[in-house]
file start27.csv (CSV, C-alpha atoms and all ligand atoms)
chain,number,residue,atom,x,y,z
I,27,MET,CA,76.1,32.7,21.2
I,28,ASN,CA,74.8,31.0,18.1
I,29,SER,CA,71.7,28.8,18.2
I,30,ASP,CA,73.6,25.5,17.9
I,31,ASN,CA,75.6,26.4,21.0
I,32,LEU,CA,72.4,27.3,22.8
I,33,ILE,CA,70.8,24.0,21.8
I,34,GLN,CA,73.8,22.1,23.1
I,35,ILE,CA,73.5,23.9,26.5
I,36,ALA,CA,69.8,23.2,26.6
I,37,ASN,CA,70.4,19.5,25.9
I,38,ASN,CA,73.2,19.3,28.5
I,39,LYS,CA,72.0,21.5,31.3
I,40,LEU,CA,68.3,21.0,31.7
I,41,LEU,CA,67.1,18.0,33.7
I,42,THR,CA,65.6,15.6,31.2
I,43,VAL,CA,61.9,15.4,31.7
I,44,THR,CA,60.6,15.0,28.1
I,45,THR,CA,61.9,14.8,24.6
I,46,ARG,CA,62.1,18.1,22.9
I,47,PRO,CA,63.1,19.0,19.3
I,48,ASP,CA,66.3,21.0,18.8
I,49,ILE,CA,64.4,24.3,18.8
I,50,ILE,CA,64.6,27.2,21.2
I,51,MET,CA,61.7,29.6,21.1
I,52,VAL,CA,62.4,33.3,21.5
I,53,LYS,CA,59.3,35.2,20.5
I,54,GLY,CA,55.6,34.8,20.1
I,55,LYS,CA,53.1,37.0,18.4
I,56,GLY,CA,49.4,36.1,17.8
I,57,MET,CA,49.2,32.6,16.3
I,58,TYR,CA,53.0,32.3,15.7
I,59,LEU,CA,56.1,31.4,17.6
I,60,TYR,CA,59.6,32.2,16.4
I,61,ASP,CA,62.9,30.4,17.2
I,62,THR,CA,66.5,31.4,17.6
I,63,LYS,CA,67.1,30.7,13.9
I,64,GLY,CA,64.3,33.1,13.0
I,65,LYS,CA,62.0,30.3,11.9
I,66,LYS,CA,58.3,31.0,12.2
I,67,TYR,CA,55.8,28.4,13.4
I,68,LEU,CA,52.0,28.3,13.2
I,69,ASP,CA,51.0,27.3,16.7
I,70,PHE,CA,48.1,24.8,17.1
I,71,VAL,CA,49.4,23.6,20.5
I,72,ALA,CA,49.3,27.0,22.2
I,73,GLY,CA,51.1,25.7,25.3
I,74,TRP,CA,48.6,22.8,25.5
I,75,GLY,CA,45.5,25.0,25.3
I,76,VAL,CA,47.0,27.8,27.5
I,77,ASN,CA,47.5,30.7,25.2
I,78,SER,CA,43.8,31.4,24.7
I,79,LEU,CA,44.5,35.0,23.4
I,80,GLY,CA,47.5,34.0,21.3
I,81,HIS,CA,51.1,34.9,22.0
I,82,SER,CA,52.0,38.1,23.7
I,83,PRO,CA,48.5,39.6,23.6
I,84,LYS,CA,48.2,43.3,24.4
I,85,ALA,CA,45.7,42.7,27.1
I,86,ILE,CA,48.1,40.6,29.2
I,87,ALA,CA,51.1,42.9,28.5
I,88,SER,CA,49.3,46.0,29.6
I,89,ALA,CA,47.7,44.3,32.7
I,90,LEU,CA,51.2,43.1,33.8
I,91,LYS,CA,52.7,46.5,33.2
I,92,LYS,CA,50.0,48.4,35.1
I,93,GLN,CA,49.8,45.9,38.0
I,94,SER,CA,53.6,45.6,38.3
I,95,LYS,CA,53.8,49.4,38.8
I,96,THR,CA,51.1,49.2,41.5
I,97,LEU,CA,51.6,46.1,43.6
I,98,VAL,CA,53.7,43.0,42.6
I,99,ASN,CA,53.0,41.0,45.7
I,100,ALA,CA,51.4,41.6,49.1
I,101,SER,CA,50.9,38.4,51.0
I,102,PRO,CA,48.2,35.8,50.9
I,103,ALA,CA,47.5,36.8,54.5
I,104,TYR,CA,45.8,40.0,53.2
I,105,TYR,CA,43.2,40.6,50.6
I,106,ASN,CA,44.4,42.6,47.6
I,107,LEU,CA,42.4,44.5,45.1
I,108,PRO,CA,42.7,42.4,41.9
I,109,MET,CA,42.1,39.2,44.0
I,110,VAL,CA,38.8,40.6,45.2
I,111,GLU,CA,37.8,41.9,41.7
I,112,PHE,CA,38.6,38.6,40.0
I,113,ALA,CA,36.7,36.5,42.6
I,114,LYS,CA,33.7,38.8,42.1
I,115,LEU,CA,33.9,38.5,38.3
I,116,LEU,CA,34.2,34.7,38.3
I,117,THR,CA,31.4,34.1,40.8
I,118,GLU,CA,29.0,36.6,39.3
I,119,SER,CA,29.5,35.1,35.9
I,120,SER,CA,28.9,31.5,37.0
I,121,CYS,CA,26.8,29.3,39.3
I,122,PHE,CA,29.6,29.4,42.0
I,123,ASP,CA,29.9,31.5,45.1
I,124,ARG,CA,33.5,31.0,46.2
I,125,ALA,CA,36.9,31.1,44.5
I,126,PHE,CA,40.3,29.8,45.6
I,127,PHE,CA,43.3,30.8,43.4
I,128,CYS,CA,46.5,28.9,42.8
I,129,SER,CA,49.0,28.6,40.0
I,130,THR,CA,48.7,25.2,38.3
I,131,GLY,CA,46.0,22.7,37.3
I,132,ALA,CA,47.4,20.1,39.6
I,133,GLU,CA,47.2,22.5,42.5
I,134,ALA,CA,43.6,23.4,41.7
I,135,ASN,CA,42.8,19.6,41.6
I,136,GLU,CA,44.6,19.0,44.8
I,137,SER,CA,42.5,21.8,46.4
I,138,ALA,CA,39.3,20.1,45.1
I,139,ILE,CA,40.5,16.7,46.4
I,140,LYS,CA,41.2,18.3,49.8
I,141,LEU,CA,37.8,20.0,49.9
I,142,ALA,CA,36.0,16.8,49.0
I,143,ARG,CA,37.9,14.9,51.8
I,144,LYS,CA,37.1,17.7,54.2
I,145,TYR,CA,33.4,17.3,53.3
I,146,GLY,CA,33.7,13.5,53.8
I,147,ALA,CA,35.4,14.0,57.2
I,148,VAL,CA,32.8,16.5,58.4
I,149,HIS,CA,29.6,15.3,56.9
I,150,LYS,CA,30.1,11.7,55.8
I,151,LYS,CA,31.7,9.9,58.7
I,152,GLY,CA,35.2,10.1,57.3
I,153,ALA,CA,34.4,9.0,53.7
I,154,SER,CA,37.6,9.8,51.7
I,155,ASP,CA,37.5,7.7,48.5
I,156,ILE,CA,37.3,9.6,45.2
I,157,ILE,CA,36.2,7.9,42.0
I,158,THR,CA,38.0,9.0,38.9
I,159,THR,CA,38.1,7.5,35.4
I,160,LEU,CA,40.5,5.4,33.5
I,161,ASP,CA,42.7,7.3,31.0
I,162,SER,CA,42.0,10.6,32.9
I,163,PHE,CA,44.7,13.2,33.5
I,164,HIS,CA,44.6,15.4,36.5
I,165,GLY,CA,48.2,16.5,37.0
I,166,ARG,CA,51.7,15.5,38.0
I,167,THR,CA,51.9,15.9,41.7
I,168,LEU,CA,51.9,12.6,43.6
I,169,THR,CA,48.3,12.9,44.5
I,170,THR,CA,47.0,14.1,41.1
I,171,MET,CA,49.0,11.3,39.5
I,172,ALA,CA,47.3,8.8,41.8
I,173,ALA,CA,44.0,10.4,40.8
I,174,SER,CA,44.8,10.1,37.1
I,175,GLY,CA,43.8,7.0,35.1
I,176,LYS,CA,46.8,7.4,32.7
I,177,THR,CA,48.2,3.9,32.2
I,178,ALA,CA,51.8,5.2,32.1
I,179,PHE,CA,51.5,6.5,35.6
I,180,ARG,CA,50.3,3.3,37.1
I,181,LYS,CA,53.6,1.9,38.3
I,182,LEU,CA,55.5,5.2,38.9
I,183,PHE,CA,56.7,6.7,42.1
I,184,GLU,CA,55.3,4.2,44.6
I,185,PRO,CA,53.8,4.3,47.1
I,186,LYS,CA,50.7,6.1,45.6
I,187,THR,CA,48.4,8.4,47.5
I,188,LYS,CA,45.6,6.1,48.6
I,189,GLY,CA,41.9,6.6,48.2
I,190,PHE,CA,41.4,6.8,44.4
I,191,VAL,CA,39.3,4.2,42.6
I,192,LYS,CA,39.0,4.1,38.8
I,193,ALA,CA,35.8,3.7,36.8
I,194,LYS,CA,35.6,3.2,33.0
I,195,PHE,CA,35.1,6.6,31.3
I,196,ASN,CA,31.6,7.3,30.0
I,197,ASP,CA,30.2,4.1,31.7
I,198,ILE,CA,27.6,4.7,34.4
I,199,LYS,CA,27.5,1.1,35.4
I,200,SER,CA,31.2,1.1,36.2
I,201,ILE,CA,30.8,4.1,38.4
I,202,LYS,CA,27.7,2.7,40.2
I,203,LYS,CA,29.7,-0.5,41.1
I,204,LEU,CA,32.4,1.6,42.8
I,205,ILE,CA,30.2,3.8,44.9
I,206,SER,CA,30.3,2.9,48.6
I,207,LYS,CA,29.9,4.5,52.0
I,208,LYS,CA,33.6,5.5,51.7
I,209,THR,CA,33.0,7.6,48.6
I,210,CYS,CA,33.1,11.4,49.1
I,211,ALA,CA,33.5,12.6,45.5
I,212,ILE,CA,33.5,11.7,41.8
I,213,MET,CA,36.1,13.7,39.8
I,214,LEU,CA,36.3,13.7,36.0
I,215,GLU,CA,37.1,15.6,32.8
I,216,LEU,CA,34.0,16.1,30.6
I,217,ILE,CA,36.4,15.8,27.7
I,218,GLN,CA,39.5,13.7,28.3
I,219,GLY,CA,42.1,15.8,26.5
I,220,GLU,CA,45.3,13.9,27.1
I,221,ALA,CA,43.6,10.6,26.3
I,222,GLY,CA,42.9,11.9,22.8
I,223,VAL,CA,39.8,14.1,23.1
I,224,ASN,CA,37.3,11.6,24.4
I,225,ILE,CA,33.9,13.3,24.9
I,226,SER,CA,31.5,12.2,27.6
I,227,ASP,CA,27.8,11.6,26.8
I,228,LYS,CA,25.1,13.9,28.0
I,229,GLU,CA,23.0,11.1,29.5
I,230,TYR,CA,26.1,9.8,31.4
I,231,ILE,CA,26.7,13.3,33.0
I,232,THR,CA,23.1,13.9,33.7
I,233,GLU,CA,22.9,10.5,35.5
I,234,LEU,CA,26.1,11.2,37.4
I,235,ARG,CA,24.7,14.5,38.6
I,236,ARG,CA,21.5,12.7,39.8
I,237,ILE,CA,23.5,9.9,41.6
I,238,CYS,CA,25.8,12.4,43.3
I,239,ARG,CA,22.9,14.4,44.7
I,240,LYS,CA,21.1,11.3,45.9
I,241,GLU,CA,24.1,9.8,47.6
I,242,ASP,CA,25.5,13.1,48.9
I,243,ILE,CA,28.7,12.7,46.9
I,244,LEU,CA,30.5,15.8,45.5
I,245,LEU,CA,30.7,16.1,41.8
I,246,ILE,CA,34.0,17.6,40.6
I,247,PHE,CA,34.6,18.6,37.0
I,248,ASP,CA,38.3,19.1,36.1
I,249,GLU,CA,38.0,21.8,33.5
I,250,VAL,CA,41.6,22.7,33.5
I,251,GLN,CA,41.7,22.0,29.7
I,252,THR,CA,38.0,22.5,28.8
I,253,GLY,CA,37.2,25.6,30.8
I,254,MET,CA,37.5,29.3,30.1
I,255,GLY,CA,35.9,29.3,26.7
I,256,ARG,CA,37.9,26.5,25.1
I,257,THR,CA,34.8,24.5,24.1
I,258,GLY,CA,32.8,27.5,22.9
I,259,LYS,CA,31.2,28.2,26.2
I,260,LEU,CA,32.8,29.6,29.4
I,261,PHE,CA,32.5,26.2,31.0
I,262,CYS,CA,32.2,22.9,29.2
I,263,PHE,CA,29.5,21.8,31.7
I,264,GLU,CA,27.2,24.4,30.1
I,265,HIS,CA,26.9,22.1,27.1
I,266,TYR,CA,25.5,19.4,29.4
I,267,GLY,CA,23.0,21.4,31.3
I,268,VAL,CA,24.3,20.3,34.7
I,269,GLU,CA,26.3,22.1,37.5
I,270,PRO,CA,29.1,20.5,39.4
I,271,ASP,CA,29.7,21.2,43.1
I,272,ILE,CA,33.3,22.1,42.3
I,273,VAL,CA,35.1,23.1,39.1
I,274,THR,CA,38.8,23.4,38.6
I,275,LEU,CA,40.3,25.8,36.1
I,276,ALA,CA,43.9,26.5,34.8
I,277,LYS,CA,45.5,26.8,31.4
I,278,GLY,CA,43.4,29.3,29.6
I,279,ILE,CA,42.4,31.2,32.7
I,280,GLY,CA,45.8,33.0,32.7
I,281,GLY,CA,46.3,33.0,28.9
I,282,GLY,CA,50.0,31.9,29.5
I,283,PHE,CA,50.5,33.3,33.0
I,284,PRO,CA,50.6,30.6,35.7
I,285,LEU,CA,47.2,30.8,37.2
I,286,SER,CA,44.5,28.3,38.3
I,287,ALA,CA,41.4,28.3,40.3
I,288,MET,CA,38.9,26.1,42.2
I,289,LEU,CA,35.3,27.4,42.2
I,290,THR,CA,32.7,26.0,44.5
I,291,LYS,CA,29.3,26.7,46.1
I,292,GLU,CA,28.7,28.3,49.5
I,293,THR,CA,27.7,24.9,51.1
I,294,TYR,CA,31.3,23.8,50.5
I,295,ASN,CA,33.0,26.8,52.1
I,296,ILE,CA,34.2,24.5,54.8
I,297,PHE,CA,38.0,24.7,55.1
I,298,GLU,CA,39.1,25.9,58.6
I,299,PRO,CA,41.7,28.7,58.4
I,300,GLY,CA,45.1,27.1,57.6
I,301,GLU,CA,43.8,24.0,56.0
I,302,GLN,CA,44.4,25.3,52.5
I,303,GLY,CA,46.5,28.1,51.1
I,304,GLY,CA,49.8,28.8,49.4
I,305,THR,CA,52.3,31.6,49.0
I,306,TYR,CA,50.9,32.6,45.6
I,307,THR,CA,47.2,32.3,46.2
I,308,GLY,CA,45.6,35.4,44.8
I,309,GLN,CA,49.0,36.7,43.6
I,310,PRO,CA,48.2,40.3,42.3
I,311,LEU,CA,50.0,40.0,38.9
I,312,ALA,CA,48.3,36.7,38.3
I,313,MET,CA,44.9,38.2,39.3
I,314,ALA,CA,45.4,41.2,37.1
I,315,VAL,CA,46.1,38.9,34.1
I,316,GLY,CA,43.2,36.7,35.0
I,317,ILE,CA,40.8,39.7,34.9
I,318,ALA,CA,42.2,41.0,31.6
I,319,VAL,CA,41.9,37.6,30.0
I,320,PHE,CA,38.4,37.1,31.3
I,321,LYS,CA,37.2,40.4,30.0
I,322,GLU,CA,38.7,39.6,26.5
I,323,LEU,CA,37.0,36.2,26.5
I,324,GLN,CA,33.7,37.8,27.3
I,325,ASN,CA,34.2,40.3,24.5
I,326,GLY,CA,33.5,38.0,21.6
I,327,VAL,CA,36.4,35.6,21.9
I,328,ILE,CA,34.3,32.7,23.1
I,329,GLU,CA,31.8,33.2,20.3
I,330,ASN,CA,34.8,33.2,17.9
I,331,CYS,CA,36.0,30.0,19.4
I,332,ALA,CA,32.7,28.3,18.7
I,333,LYS,CA,32.6,29.6,15.1
I,334,MET,CA,36.2,28.7,14.3
I,335,GLY,CA,35.8,25.3,15.9
I,336,ASP,CA,32.9,24.5,13.6
I,337,LEU,CA,34.8,25.8,10.6
I,338,ILE,CA,37.8,23.5,11.4
I,339,LYS,CA,35.6,20.5,11.8
I,340,THR,CA,33.8,21.2,8.6
I,341,LYS,CA,37.1,21.5,6.7
I,342,LEU,CA,38.4,18.3,8.4
I,343,TYR,CA,35.3,16.4,7.2
I,344,LYS,CA,36.0,17.6,3.7
I,345,LEU,CA,39.6,16.6,4.0
I,346,SER,CA,38.6,13.1,5.3
I,347,GLU,CA,36.9,12.4,1.9
I,348,GLU,CA,40.3,12.1,0.3
I,349,TYR,CA,42.9,11.7,3.0
I,350,GLU,CA,43.6,9.4,6.0
I,351,VAL,CA,41.6,11.5,8.5
I,352,THR,CA,38.9,9.8,10.5
I,353,ASN,CA,36.9,10.0,13.8
I,354,ILE,CA,36.7,13.7,13.9
I,355,ARG,CA,35.6,15.0,17.3
I,356,GLY,CA,35.7,17.9,19.7
I,357,MET,CA,33.9,20.9,21.0
I,358,GLY,CA,34.9,24.5,20.2
I,359,LEU,CA,38.7,24.6,19.7
I,360,LEU,CA,39.5,21.4,21.4
I,361,ILE,CA,39.5,19.1,18.4
I,362,GLY,CA,40.8,15.6,17.8
I,363,PHE,CA,41.0,13.3,14.8
I,364,ASP,CA,42.7,10.0,14.1
I,365,LEU,CA,45.0,9.0,11.2
I,366,THR,CA,44.6,5.6,9.5
I,367,LYS,CA,48.0,5.3,7.9
I,368,THR,CA,50.5,7.5,9.7
I,369,LYS,CA,51.5,7.4,13.4
I,370,GLY,CA,50.4,10.5,15.2
I,371,LYS,CA,53.9,11.4,16.5
I,372,ASP,CA,55.4,10.9,12.9
I,373,PHE,CA,52.7,13.2,11.5
I,374,ALA,CA,53.4,15.9,14.2
I,375,ASN,CA,57.1,15.7,13.2
I,376,LYS,CA,56.3,16.1,9.6
I,377,CYS,CA,54.2,19.1,10.3
I,378,LEU,CA,57.0,20.6,12.5
I,379,ASN,CA,59.2,20.4,9.4
I,380,SER,CA,56.5,22.4,7.6
I,381,ASN,CA,56.5,25.0,10.5
I,382,LEU,CA,53.2,23.8,12.0
I,383,LEU,CA,53.0,22.9,15.7
I,384,ILE,CA,50.4,20.2,16.5
I,385,ASN,CA,50.2,17.6,19.2
I,386,SER,CA,49.6,13.9,19.1
I,387,PRO,CA,48.3,12.8,22.6
I,388,GLN,CA,47.8,9.1,21.5
I,389,GLU,CA,49.3,6.8,19.0
I,390,LYS,CA,46.9,7.5,16.2
I,391,SER,CA,45.4,10.8,17.3
I,392,ILE,CA,46.1,14.4,16.6
I,393,ARG,CA,44.8,17.2,18.9
I,394,LEU,CA,44.3,20.8,17.8
I,395,MET,CA,43.9,23.5,20.5
I,396,PRO,CA,44.9,26.9,19.0
I,397,PRO,CA,44.3,30.3,20.6
I,398,LEU,CA,40.6,31.1,20.8
I,399,ASN,CA,40.9,34.3,18.8
I,400,ILE,CA,42.2,32.5,15.7
I,401,THR,CA,41.0,33.8,12.3
I,402,GLU,CA,40.0,32.1,9.0
I,403,LYS,CA,43.3,33.1,7.4
I,404,GLU,CA,45.3,31.0,9.9
I,405,ILE,CA,42.9,28.1,9.6
I,406,ASP,CA,43.5,28.2,5.8
I,407,GLU,CA,47.2,28.0,6.5
I,408,LEU,CA,46.6,25.0,8.8
I,409,PHE,CA,44.8,23.1,6.1
I,410,TRP,CA,47.3,23.9,3.5
I,411,ILE,CA,50.0,22.3,5.7
I,412,LEU,CA,47.8,19.4,6.8
I,413,GLU,CA,47.0,18.6,3.2
I,414,LYS,CA,50.7,18.7,2.2
I,415,ASN,CA,51.6,16.1,4.9
I,416,LEU,CA,48.6,13.8,5.0
I,417,VAL,CA,48.6,10.5,3.1
I,418,LYS,CA,45.7,9.8,0.7
I,419,LYS,CA,43.2,7.1,1.6
R,1,LIG,N1,43.9,18.5,34.5
R,1,LIG,C1,43.8,18.4,33.1
R,1,LIG,C2,42.5,18.0,32.5
R,1,LIG,C3,44.9,18.7,32.3
R,1,LIG,O1,44.8,18.6,31.0
R,1,LIG,C4,46.1,19.1,33.0
R,1,LIG,C5,47.3,19.4,32.2
R,1,LIG,O2,47.4,19.1,31.0
R,1,LIG,C6,46.1,19.2,34.4
R,1,LIG,C7,45.0,18.8,35.1
R,1,LIG,C8,47.4,19.6,35.1
R,1,LIG,O3,47.6,20.9,34.9
R,1,LIG,P1,49.0,21.6,35.3
R,1,LIG,O4,50.0,21.0,34.3
R,1,LIG,O5,48.8,23.0,35.1
R,1,LIG,O6,49.4,21.2,36.7
call {"tool": "encode", "arguments": {"input": "start27.csv", "output": "structure tokens"}}
result
Amino acid sequence: MNSDNLIQIANNKLLTVTTRPDIIMVKGKGMYLYDTKGKKYLDFVAGWGVNSLGHSPKAIASALKKQSKTLVNASPAYYNLPMVEFAKLLTESSCFDRAFFCSTGAEANESAIKLARKYGAVHKKGASDIITTLDSFHGRTLTTMAASGKTAFRKLFEPKTKGFVKAKFNDIKSIKKLISKKTCAIMLELIQGEAGVNISDKEYITELRRICRKEDILLIFDEVQTGMGRTGKLFCFEHYGVEPDIVTLAKGIGGGFPLSAMLTKETYNIFEPGEQGGTYTGQPLAMAVGIAVFKELQNGVIENCAKMGDLIKTKLYKLSEEYEVTNIRGMGLLIGFDLTKTKGKDFANKCLNSNLLINSPQEKSIRLMPPLNITEKEIDELFWILEKNLVKK
């Protein structure tokens, strides 16, 4: 079947959930994706920060091959070897004691919400409110949509899950006003990715940590996007010098394989059997991939991310002297900037025509989140395409 026929089928047979260009991807290698017409794209979206080791990395392919010949699936009712190994690796490399595995970021966040409410039920006279922030994004299940502060979600799919109150992002006074006896947790992204790469201040996070300790409120960091090396450290919270009570991870943790996790401390190991679980918790293929990705990240990839992130920002500053680039921000390889003359979506489309995939999360902003093992050569290619499509100041 030729590619035009395939595109017609795609447009007519898949449930419409988003707008997609008339492109069908068939292959990925390193920093590049290839479509059915043989066109090659430089990928600075990387599955929204998922493909931390690039496309089709050897480490994932061989972990899947080996594990699929040994044990594809057991049952979450039993421990399996890679599940045990991955829990050990994650807890021994972090400040956490316990791991719960699932498949998506939304599920990891739902797990954190459930754990916080369990804590409220057991230790705080039934406190169940969770404070989240305006413009935040925590997922697309009904409960994580209710937790999210994304404006477009506000009126969708009523009735909403109750118990979420929204504070202004990066505003300690706004959070303090919302804290009550009913509060069991505060949940936030240290960097709001979907909102356009908004970075929280160190003082704000330090103060939040202090307040949560004082009031016996759980502090949950949603590191679905910022975790697993994306910001140049294993966890973004390391930049802030604080530890949350719960962290949620997804995206980069599986390098493209559906995998997510919630990590927490021994104090919060309080679910009774049966209160949390799932058919695919600790799924052996996912666990094997998680271990392989983790080992690669620890083997120089996170350092590379920090270095390449700095290089991109330096080059963006240089570019901003002549072109419409402004408000450059980000940590590691989660970078945002704004455009003064072109709409973000229009710019992303122009770049697509130049075979570059980039994302515009907000009207004026552009977000770059390439694989963490990117090289200078590919960064040079990025800037060549950006320069070609940007408007001069
Ligand atoms: N939390 C954050 C910060 C995210 O960026 C996302 C996805 O973009 C999610 C949660 C939801 O993750 P998933 O789409 O895997 O459910």
call {"tool": "atom_distance", "arguments": {"input": "start27.csv", "atom1": "CA of Met313 in chain I", "atom2": "CA of Pro108 in chain I"}}
result
5.4 Å
call {"tool": "residues_around", "arguments": {"input": "start27.csv", "residues": "range 131-136 of chain I", "least_positions_apart": "3", "cutoff": "8 Å", "atoms": "only C-alpha atoms", "output": "list in words"}}
result
Phe127, Cys128, Ile139, Lys140, His164, Gly165, Arg166, Thr167, Thr169, Thr170, Asp248, Val250, Thr274, Leu275, Ala276, Lys277, Ser286, Ala287 and Met288 of chain I
call {"tool": "residues_around", "arguments": {"input": "start27.csv", "residues": "Val319 in chain I", "least_positions_apart": "3", "cutoff": "9 Å", "atoms": "only C-alpha atoms", "output": "JSON, numbers by chain"}}
result
{"I": [78, 79, 85, 86, 278, 279, 280, 281, 314, 315, 316, 322, 323, 324]}
call {"tool": "atom_distance", "arguments": {"input": "start27.csv", "atom1": "CA of Phe263 in chain I", "atom2": "CA of Leu311 in chain I"}}
result
28.3 Å
call {"tool": "closest_residue", "arguments": {"input": "start27.csv", "among": "I:Leu260, I:Ala72, I:Ile354, I:Ile237", "to": "ligand LIG 1 (chain R)", "atoms": "all atoms listed in the file"}}
result
I:Ala72
call {"tool": "closest_residue", "arguments": {"input": "start27.csv", "among": "I:Pro284, I:Pro310, I:Gly146, I:Gly152", "to": "Lys95 in chain I", "atoms": "all atoms listed in the file"}}
result
I:Pro310
call {"tool": "decode", "arguments": {"input": "start27.csv", "residues": "range 219-241 of chain I", "atoms": "N, CA and C atoms", "output": "PDB file, in the first residue's frame"}}
result
ATOM      1  N   GLY I 219       6.369  21.590  32.536  1.00  0.00           N
ATOM      2  CA  GLY I 219       6.774  21.371  31.141  1.00  0.00           C
ATOM      3  C   GLY I 219       5.700  21.765  30.144  1.00  0.00           C
ATOM      4  N   GLU I 220       4.498  21.232  30.330  1.00  0.00           N
ATOM      5  CA  GLU I 220       3.407  21.503  29.382  1.00  0.00           C
ATOM      6  C   GLU I 220       3.025  22.976  29.381  1.00  0.00           C
ATOM      7  N   ALA I 221       3.258  23.625  30.516  1.00  0.00           N
ATOM      8  CA  ALA I 221       2.892  25.044  30.611  1.00  0.00           C
ATOM      9  C   ALA I 221       3.943  25.943  29.952  1.00  0.00           C
ATOM     10  N   GLY I 222       4.987  25.336  29.396  1.00  0.00           N
ATOM     11  CA  GLY I 222       5.962  26.136  28.656  1.00  0.00           C
ATOM     12  C   GLY I 222       7.325  26.223  29.312  1.00  0.00           C
ATOM     13  N   VAL I 223       7.670  25.257  30.156  1.00  0.00           N
ATOM     14  CA  VAL I 223       8.958  25.227  30.872  1.00  0.00           C
ATOM     15  C   VAL I 223       9.051  26.376  31.884  1.00  0.00           C
ATOM     16  N   ASN I 224       8.156  26.333  32.867  1.00  0.00           N
ATOM     17  CA  ASN I 224       8.177  27.305  33.981  1.00  0.00           C
ATOM     18  C   ASN I 224       8.964  26.684  35.131  1.00  0.00           C
ATOM     19  N   ILE I 225      10.007  27.386  35.568  1.00  0.00           N
ATOM     20  CA  ILE I 225      10.900  26.810  36.585  1.00  0.00           C
ATOM     21  C   ILE I 225      10.581  27.381  37.966  1.00  0.00           C
ATOM     22  N   SER I 226      10.421  26.490  38.960  1.00  0.00           N
ATOM     23  CA  SER I 226      10.140  26.996  40.309  1.00  0.00           C
ATOM     24  C   SER I 226      11.427  27.488  40.972  1.00  0.00           C
ATOM     25  N   ASP I 227      11.263  28.453  41.887  1.00  0.00           N
ATOM     26  CA  ASP I 227      12.435  29.026  42.571  1.00  0.00           C
ATOM     27  C   ASP I 227      12.876  28.134  43.720  1.00  0.00           C
ATOM     28  N   LYS I 228      14.157  28.227  44.015  1.00  0.00           N
ATOM     29  CA  LYS I 228      14.724  27.423  45.098  1.00  0.00           C
ATOM     30  C   LYS I 228      14.102  27.781  46.450  1.00  0.00           C
ATOM     31  N   GLU I 229      13.926  29.075  46.711  1.00  0.00           N
ATOM     32  CA  GLU I 229      13.380  29.505  48.014  1.00  0.00           C
ATOM     33  C   GLU I 229      11.955  28.978  48.192  1.00  0.00           C
ATOM     34  N   TYR I 230      11.196  28.998  47.114  1.00  0.00           N
ATOM     35  CA  TYR I 230       9.802  28.520  47.146  1.00  0.00           C
ATOM     36  C   TYR I 230       9.767  27.040  47.526  1.00  0.00           C
ATOM     37  N   ILE I 231      10.628  26.256  46.909  1.00  0.00           N
ATOM     38  CA  ILE I 231      10.628  24.812  47.165  1.00  0.00           C
ATOM     39  C   ILE I 231      11.151  24.522  48.581  1.00  0.00           C
ATOM     40  N   THR I 232      12.186  25.262  49.006  1.00  0.00           N
ATOM     41  CA  THR I 232      12.716  25.082  50.358  1.00  0.00           C
ATOM     42  C   THR I 232      11.628  25.376  51.389  1.00  0.00           C
ATOM     43  N   GLU I 233      10.890  26.467  51.157  1.00  0.00           N
ATOM     44  CA  GLU I 233       9.830  26.858  52.082  1.00  0.00           C
ATOM     45  C   GLU I 233       8.687  25.842  52.075  1.00  0.00           C
ATOM     46  N   LEU I 234       8.371  25.340  50.897  1.00  0.00           N
ATOM     47  CA  LEU I 234       7.332  24.305  50.799  1.00  0.00           C
ATOM     48  C   LEU I 234       7.714  23.080  51.622  1.00  0.00           C
ATOM     49  N   ARG I 235       8.987  22.685  51.497  1.00  0.00           N
ATOM     50  CA  ARG I 235       9.470  21.511  52.248  1.00  0.00           C
ATOM     51  C   ARG I 235       9.307  21.759  53.758  1.00  0.00           C
ATOM     52  N   ARG I 236       9.657  22.975  54.164  1.00  0.00           N
ATOM     53  CA  ARG I 236       9.578  23.306  55.588  1.00  0.00           C
ATOM     54  C   ARG I 236       8.126  23.253  56.068  1.00  0.00           C
ATOM     55  N   ILE I 237       7.237  23.859  55.298  1.00  0.00           N
ATOM     56  CA  ILE I 237       5.821  23.914  55.696  1.00  0.00           C
ATOM     57  C   ILE I 237       5.233  22.491  55.758  1.00  0.00           C
ATOM     58  N   CYS I 238       5.539  21.690  54.755  1.00  0.00           N
ATOM     59  CA  CYS I 238       4.974  20.327  54.715  1.00  0.00           C
ATOM     60  C   CYS I 238       5.415  19.528  55.936  1.00  0.00           C
ATOM     61  N   ARG I 239       6.675  19.674  56.339  1.00  0.00           N
ATOM     62  CA  ARG I 239       7.163  18.969  57.545  1.00  0.00           C
ATOM     63  C   ARG I 239       6.405  19.450  58.777  1.00  0.00           C
ATOM     64  N   LYS I 240       6.314  20.779  58.872  1.00  0.00           N
ATOM     65  CA  LYS I 240       5.683  21.374  60.059  1.00  0.00           C
ATOM     66  C   LYS I 240       4.220  20.949  60.171  1.00  0.00           C
ATOM     67  N   GLU I 241       3.504  20.941  59.055  1.00  0.00           N
ATOM     68  CA  GLU I 241       2.055  20.673  59.074  1.00  0.00           C
ATOM     69  C   GLU I 241       1.731  19.188  58.863  1.00  0.00           C
TER      70      GLU I 241
END
